[in-house]
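As C-alpha cells, the structure follows; a few thoughts come after it.
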Amino acid sequence: MKQIVVISGKGGTGKTTVAASFAALAVNKVVVDCDVDAADLYILLKPTILERHAFVGSKVAFIDQQRCTQCGKCAQVCRFDAVSPDFVIDPASCEGCGLCSRVCPEHAITMEDKHSGEWFVSQTRYGPFVHATLGIAEANSGKLVSLLRQHARTIAELEHRDTIIIDGSPGIGCAVIASITGTDLVLIVTEPTLSGLHDMLRVMELAQHFHTKVAVAINKYDLNTDMTREIEAYCLAHNVALAGRIAYDPIVTEAMVNRQMVVEYAQGDTALQIRSLWQTVASQC
C-alpha cells in the first residue's frame, strides 16, 4: 500500500486543487483530508457521510460550585488565566494541564473530556473519503490527523485498496508532521514567488528530517519564469525530483466554482499537465 501526501509550505499554492485531481485520477484508493484546521476538499468531492464521530482532543477543567470555597489556589497556579474572578473555568483559555485540580483542597475541580471537533467516514464518486473538522482555536490537530490516517489505512486494508491520497496542511506544524510521517512520497506544491521558495525549503527540510522521499511541483510556473528557474535549479542541485509544472489558467478557478476537479472539468493543457504530474508521482512510489 502506497501513501502519497500533497503539502505546501504556505497556503494558496494550489495544494488542494492538485490533491483533488489526484483523487479523481488514482484508482483503487482512499482519500484523506488532513488539513483539519481548514478542511475544504469535501467541497469538491461532495461526500455522502456514512459515519460521524466526536473527536476528544484534550481535557478541560470544571469547577463544582457546590464544593468550591473560592480559596483562590486554582487561580494562583493557573498560568493561562483560565479561572475567572467568580471561579468559573474559561474553556477557551484552559490548556487542560490539570494543575488546578491537583492543588484544590476541596477536590472541587475535575478534568473532563473536551469535544474538539468531529471526524467522518464518507463515500464519494471517487471512493472512500476520511475527513474532519477541528473546532475554532482547538488544539491537537496532529492527534486528529493521526486518527484520520489510521482509519484510512484500516479502510484500505479491509477493501484491498492499494493507494492512500492525503491532502495535507500548509506550513510545518503538528498537522504537517502527522501527515508526512510514514508516507511513501511527499509532493510539495509550490509557486514561483520568494515566499513560495522560502516556505518550500522549510517544509522540504521537515520532510527530509523524517527520511521521506520528496518531489516538487511548481504551480502557476509561467507567472514568474525567473523564480521558476531558481526553484528548478535548487531541486537539481539538491537531488530533489521535479515532478511537474502547471501553468496559470483561469479554468482552474472556473472548475472550483463549479465544484469539480480540473481534470474532470476541462481537457486543455492544464488538465494534461496535472495528469502528467500524477503519472510521474505514481511512478515514483
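Every chain in the C-alpha cells has a letter given in the order shown (A, B, ...), and although residue numbers restart at 1 in each chain, ligands are simply numbered from 1 in the order shown.
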
Could you list, as a PyMOL selection string, every residue within 6 Å of Ala132 (chain A), counting only C-alpha atoms and ignoring same-chain residues fewer than 5 positions away?
chain A and resi 36+118-120

Between region 157-215 of chain A and region 256-277 of chain A, at 12 Å or less, what are the per-residue closest atom pairs and their distances in Å? Count only C-alpha atoms, order by chain and rising residue number, and return it as a tab-separated table.
```
residue	atom	partner	partner_atom	distance
A:Leu187	CA	A:Leu277	CA	10.1
A:Ile188	CA	A:Leu277	CA	11.9
A:Val189	CA	A:Leu277	CA	11.0
A:Ala215	CA	A:Leu277	CA	10.5
```

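When only C-alpha atoms are used to compute distances to Ser58 (chain A), the closest of the residues A:Gln76, A:Thr124, A:Asn140, A:Ser84 turns out to be A:Asn140.
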
Selected residue of minimal separation from Leu158 (chain A) among A:Pro128, A:Gly135, A:Pro85, A:Arg79, counting only C-alpha atoms
A:Pro128

Could you list, as a PyMOL selection string, every residue within 12 Å of region 202-209 of chain A, counting only C-alpha atoms and ignoring same-chain residues fewer than 6 positions away?
chain A and resi 5-10+168-174+176-190+195-196+215-216+234-235+238-241

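The space between CA of Thr133 (chain A) and CA of Gly117 (chain A) spans 5.7 Å.
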
Which is closer to Val32 (chain A) than all the others in A:Thr69, A:Gln123, A:Asn224, A:Thr110, using only C-alpha atoms?
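Closest to Val32 (chain A), using only C-alpha atoms: A:Gln123.
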
Mind checking DSSP for region 145-216 of chain A and telling me the alpha helix (DSSP H) residues as JSON, numbers by chain?
{"A": [145, 146, 147, 148, 149, 150, 151, 152, 153, 154, 155, 156, 157, 158, 174, 175, 176, 177, 178, 179, 180, 194, 195, 196, 197, 198, 199, 200, 201, 202, 203, 204, 205, 206, 207, 208, 209]}

Please list as a CSV table (one decimal) with N, CA and C atoms, in the first residue's frame every residue within 12 Å of Thr48 (chain A), counting only C-alpha atoms and excluding residues in the same chain fewer than 5 positions away.
```
chain,number,residue,atom,x,y,z
A,42,TYR,N,-13.7,18.5,0.8
A,42,TYR,CA,-15.1,18.0,0.7
A,42,TYR,C,-15.9,18.8,-0.2
A,43,ILE,N,-15.6,20.0,-0.4
A,43,ILE,CA,-16.4,20.9,-1.3
A,43,ILE,C,-16.3,20.3,-2.8
A,120,PHE,N,-15.2,12.1,10.1
A,120,PHE,CA,-16.2,11.5,9.3
A,120,PHE,C,-15.6,10.4,8.3
A,121,VAL,N,-16.4,9.4,8.1
A,121,VAL,CA,-16.1,8.5,7.0
A,121,VAL,C,-17.3,8.6,6.0
A,122,SER,N,-16.9,9.0,4.8
A,122,SER,CA,-17.8,9.3,3.7
A,122,SER,C,-17.6,8.4,2.5
A,123,GLN,N,-18.6,8.5,1.6
A,123,GLN,CA,-18.5,7.9,0.3
A,123,GLN,C,-18.6,9.0,-0.8
A,124,THR,N,-17.8,8.9,-1.8
A,124,THR,CA,-17.8,9.9,-2.9
A,124,THR,C,-17.8,9.2,-4.2
A,125,ARG,N,-18.0,10.0,-5.3
A,125,ARG,CA,-18.0,9.4,-6.6
A,125,ARG,C,-16.6,8.8,-7.0
A,126,TYR,N,-15.6,9.1,-6.1
A,126,TYR,CA,-14.3,8.6,-6.3
A,126,TYR,C,-13.8,7.6,-5.2
A,127,GLY,N,-14.8,7.1,-4.5
A,127,GLY,CA,-14.4,6.1,-3.4
A,127,GLY,C,-14.5,6.7,-2.0
A,128,PRO,N,-13.9,5.9,-1.1
A,128,PRO,CA,-14.0,6.3,0.3
A,128,PRO,C,-13.2,7.6,0.6
A,129,PHE,N,-13.7,8.3,1.6
A,129,PHE,CA,-13.2,9.6,1.9
A,129,PHE,C,-13.2,9.8,3.4
A,130,VAL,N,-12.1,10.0,4.1
A,130,VAL,CA,-12.0,10.3,5.5
A,130,VAL,C,-11.6,11.7,5.7
A,131,HIS,N,-12.4,12.4,6.5
A,131,HIS,CA,-12.1,13.8,6.7
A,131,HIS,C,-12.6,14.3,8.1
```

Gap from CA of Cys97 (chain A) to CA of Gln150 (chain A) - Å, one decimal:
26.5 Å
